[in-house]
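Below is one structure, written out as structure tokens; the observations come after it.
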Amino acid sequence: MDSLRRLEEIFGHFPGIGPRQARRFVYYILSKSPSFTRELAQLIEDVKRSTSECDSCHRLFMLKDIPNKICSICSDTSRDQSTLMIVARDSDYETVEKSSVYKGLYFILGGTVPILDQEPDKRIRLQILLEHVSKMNALKEIILSLNATPDGEHTADIAKEALLNIFKNGEIKITLLGRGISTGAELEYVDVDTIKNALKNRG
Ligand SMILES: [Zn+2]
């Protein structure tokens, strides 16, 4: 395979990008100057080298800010240690964090489980989540904040069932992000007011 086709194939694997868009990316890059392509290649390497996955919440963070394995949110003791919000991806937690209404901790599941999938453990960090929550001493509530899509709701069901298995006595409240997020909506694209209302109406 020549490098043009290979690049097209790589872009085609990006989330939400189809073959036609992938081809447009390649031709866009080809239309730019050599200094642009050099900077792009360098930036991709730099950003990969300078980020790390948090050992606690599994979100990606810039290593230059905190030279350790725990991110700034997890190591911030002023945050509410009794609430844990579970989201599918980094882009979802960013949306919630930008709304500045949530002051608890996060856990990034790493994706969602398609409805007919038989092996959720291969798609999401379910076992890691279960180990994580059983070590959180101050935990009182877990908020499942998944997309209002069939896959998102299915993932929330799987996570809820697994969590209820651990917290059989109802010692931890397990809630879902409330109404206001319309069916089919992806958390990443929801506006601040909707996030505020959905948090208020969780249950
Ligand atoms: Zn973290």
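Labels for the structure tokens follow display order: chains A, B, ..., residues from 1 in each chain, ligands from 1.
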Shell of 12 Å around Ser99 in chain A, only C-alpha atoms, local chain residues under 5 positions omitted, as a list in words: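 The contact residues come out as Asp92, Tyr93, Glu94, Leu187, Glu188, Tyr189, Val190, Asp191, Val192, Asp193, Thr194, Ile195, Lys196, Asn197, Ala198 and Leu199 of chain A.
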Serialized selection, N, CA and C atoms, as a compact mmCIF listing (two decimals), in the first residue's frame:
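Below you can see out03.txt, which holds the result:
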# COMPACT_ATOMS: atom_id res chain seq x y z
N ASP A 92 -16.24 13.61 27.01
CA ASP A 92 -17.46 13.77 27.82
C ASP A 92 -17.14 14.45 29.14
N TYR A 93 -16.10 14.01 29.81
CA TYR A 93 -15.76 14.62 31.11
C TYR A 93 -15.42 16.10 30.90
N GLU A 94 -14.78 16.40 29.76
CA GLU A 94 -14.41 17.80 29.47
C GLU A 94 -15.65 18.69 29.39
N LEU A 187 -23.26 13.34 25.04
CA LEU A 187 -22.85 14.21 26.15
C LEU A 187 -21.86 15.28 25.71
N GLU A 188 -20.94 14.87 24.85
CA GLU A 188 -19.89 15.76 24.37
C GLU A 188 -20.45 17.06 23.78
N TYR A 189 -21.64 16.99 23.17
CA TYR A 189 -22.18 18.15 22.46
C TYR A 189 -23.30 18.86 23.22
N VAL A 190 -23.54 18.43 24.46
CA VAL A 190 -24.62 19.02 25.24
C VAL A 190 -24.16 20.36 25.83
N ASP A 191 -25.08 21.38 25.86
CA ASP A 191 -24.65 22.69 26.37
C ASP A 191 -24.67 22.74 27.89
N VAL A 192 -24.06 23.81 28.43
CA VAL A 192 -23.86 23.96 29.88
C VAL A 192 -25.18 23.92 30.66
N ASP A 193 -26.21 24.66 30.18
CA ASP A 193 -27.48 24.70 30.91
C ASP A 193 -28.13 23.33 30.99
N THR A 194 -28.04 22.59 29.89
CA THR A 194 -28.62 21.24 29.87
C THR A 194 -27.90 20.33 30.86
N ILE A 195 -26.57 20.46 30.92
CA ILE A 195 -25.79 19.66 31.89
C ILE A 195 -26.23 20.01 33.32
N LYS A 196 -26.37 21.33 33.58
CA LYS A 196 -26.79 21.77 34.93
C LYS A 196 -28.13 21.15 35.30
N ASN A 197 -29.10 21.23 34.36
CA ASN A 197 -30.44 20.68 34.64
C ASN A 197 -30.40 19.18 34.81
N ALA A 198 -29.63 18.52 33.95
CA ALA A 198 -29.56 17.06 34.01
C ALA A 198 -28.95 16.60 35.33
N LEU A 199 -27.98 17.37 35.84
CA LEU A 199 -27.37 17.02 37.12
C LEU A 199 -28.36 17.23 38.27
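Within 8 Å of Thr112 in chain A, once only C-alpha atoms are used and residues closer than 3 positions along the same chain are dropped, the contacting residues are A:Ala88, A:Leu109, A:Arg123, A:Ile124, A:Asp151, A:Gly152, A:Thr155.
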Expected file contents, prior selection, N, CA, C and O atoms, as a PDB file, in the first residue's frame:
ATOM      1  N   ALA A  88     -18.134   7.980  29.381  1.00  0.00           N
ATOM      2  CA  ALA A  88     -17.556   7.049  28.409  1.00  0.00           C
ATOM      3  C   ALA A  88     -16.157   7.479  27.986  1.00  0.00           C
ATOM      4  O   ALA A  88     -15.228   6.684  27.958  1.00  0.00           O
ATOM      5  N   LEU A 109     -14.745   5.410  31.421  1.00  0.00           N
ATOM      6  CA  LEU A 109     -14.954   3.989  31.087  1.00  0.00           C
ATOM      7  C   LEU A 109     -14.140   3.540  29.877  1.00  0.00           C
ATOM      8  O   LEU A 109     -13.833   2.368  29.731  1.00  0.00           O
ATOM      9  N   ARG A 123     -14.668  -3.992  25.973  1.00  0.00           N
ATOM     10  CA  ARG A 123     -14.998  -2.662  25.436  1.00  0.00           C
ATOM     11  C   ARG A 123     -14.769  -1.551  26.441  1.00  0.00           C
ATOM     12  O   ARG A 123     -14.440  -0.442  26.075  1.00  0.00           O
ATOM     13  N   ILE A 124     -15.036  -1.833  27.701  1.00  0.00           N
ATOM     14  CA  ILE A 124     -14.962  -0.782  28.731  1.00  0.00           C
ATOM     15  C   ILE A 124     -14.176  -1.270  29.947  1.00  0.00           C
ATOM     16  O   ILE A 124     -13.999  -2.468  30.133  1.00  0.00           O
ATOM     17  N   ASP A 151     -26.528   2.665  22.625  1.00  0.00           N
ATOM     18  CA  ASP A 151     -25.283   2.114  23.170  1.00  0.00           C
ATOM     19  C   ASP A 151     -24.969   2.695  24.550  1.00  0.00           C
ATOM     20  O   ASP A 151     -24.522   1.990  25.457  1.00  0.00           O
ATOM     21  N   GLY A 152     -25.203   4.011  24.689  1.00  0.00           N
ATOM     22  CA  GLY A 152     -24.941   4.693  25.957  1.00  0.00           C
ATOM     23  C   GLY A 152     -25.833   4.148  27.057  1.00  0.00           C
ATOM     24  O   GLY A 152     -25.372   3.864  28.174  1.00  0.00           O
ATOM     25  N   THR A 155     -24.815   0.640  28.014  1.00  0.00           N
ATOM     26  CA  THR A 155     -23.596   0.679  28.837  1.00  0.00           C
ATOM     27  C   THR A 155     -23.937   1.069  30.274  1.00  0.00           C
ATOM     28  O   THR A 155     -23.411   0.479  31.230  1.00  0.00           O
TER      29      THR A 155
END
Those of range 49-169 of chain A in DSSP strand (DSSP E or B), formatted as a list in words: Thr51, Ser52, Glu53, Leu60, Phe61, Met62, Thr83, Leu84, Met85, Ile86, Val87, Leu105, Tyr106, Phe107, Ile108, Glu141, Ile142, Ile143, Leu144 and Ser145 of chain A
Option closest in space to Thr77 in chain A, from A:Lys98, A:Arg89, A:Arg202, A:Lys103 [counting only C-alpha atoms]: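 Among the listed residues, the smallest separation from Thr77 in chain A belongs to A:Lys103.
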Please produce, as a tab-separated table, a per-residue contact table for chain A versus ligand 1 (criterion: any atom at most 7 Å away, only C-alpha atoms and all ligand atoms considered), showing the nearest atom pair and its distance in Å to one decimal, sorted by chain then residue number.
residue	atom	partner	partner_atom_place_in_ligand_line	distance
A:Cys54	CA	ligand 1	1 (Zn)	4.6
A:Asp55	CA	ligand 1	1 (Zn)	6.6
A:Ser56	CA	ligand 1	1 (Zn)	4.9
A:Cys57	CA	ligand 1	1 (Zn)	4.0
A:His58	CA	ligand 1	1 (Zn)	5.9
A:Arg59	CA	ligand 1	1 (Zn)	5.8
A:Ile70	CA	ligand 1	1 (Zn)	5.4
A:Cys71	CA	ligand 1	1 (Zn)	4.2
A:Ser72	CA	ligand 1	1 (Zn)	6.6
A:Ile73	CA	ligand 1	1 (Zn)	5.6
A:Cys74	CA	ligand 1	1 (Zn)	4.3
Per-residue DSSP, range 15-82 of chain A, filtered to alpha helix (DSSP H), as a ChimeraX atom specification: /A:19-31,34-49
Among the residues A:Leu146, A:Leu177, A:Leu105, A:Leu163, the one that comes closest to Gln127 in chain A [using only C-alpha atoms]: A:Leu163
Point-to-point distance from CA of Asn147 in chain A to CA of Gln118 in chain A, Å rounded to tenths: 19.9 Å
Option closest in space to Pro150 in chain A, from A:Gly178, A:Pro114, A:Pro120, A:Gly203 [counting only C-alpha atoms]: A:Pro114
Long-range neighbours of range 11-21 of chain A as number ranges by chain, 12 Å cut-off, only C-alpha atoms, 6 positions minimum in chain: A: 4-5, 27-29, 89, 91, 111
Just write the chosen residues, N, CA and C atoms, as a short mmCIF file (atom, residue, chain, number, x, y, z; two decimals), in the first residue's frame.
data_model
loop_
_atom_site.label_atom_id
_atom_site.label_comp_id
_atom_site.auth_asym_id
_atom_site.auth_seq_id
_atom_site.Cartn_x
_atom_site.Cartn_y
_atom_site.Cartn_z
N LEU A 4 0.05 7.32 0.53
CA LEU A 4 -1.18 8.11 0.39
C LEU A 4 -2.40 7.28 0.84
N ARG A 5 -2.47 6.06 0.35
CA ARG A 5 -3.61 5.18 0.72
C ARG A 5 -3.55 4.83 2.21
N TYR A 27 -5.88 15.12 1.04
CA TYR A 27 -5.65 16.14 0.01
C TYR A 27 -5.44 17.52 0.61
N TYR A 28 -6.06 17.75 1.77
CA TYR A 28 -5.82 19.02 2.46
C TYR A 28 -4.36 19.11 2.89
N ILE A 29 -3.86 18.01 3.47
CA ILE A 29 -2.45 17.98 3.91
C ILE A 29 -1.52 18.18 2.70
N ARG A 89 -16.00 8.77 27.66
CA ARG A 89 -14.74 9.21 27.06
C ARG A 89 -14.22 10.52 27.66
N SER A 91 -13.66 13.26 26.13
CA SER A 91 -14.39 14.41 25.61
C SER A 91 -15.66 14.66 26.42
N GLY A 111 -15.20 3.95 26.64
CA GLY A 111 -16.03 3.63 25.48
C GLY A 111 -17.42 3.22 25.90
#
Best match for closeness to Val133 in chain A among A:Leu43, A:Val101, A:Ala22, A:Leu164, counting only C-alpha atoms: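 For Val133 in chain A, the nearest of the candidates is A:Leu164.
The neighbours of Met136 in chain A here are the residues that come within 10 Å of it, using only C-alpha atoms and leaving out any residue fewer than 5 positions away in the same chain; they are A:Gln81, A:Ser82, A:Thr83, A:Leu84, A:Glu131.
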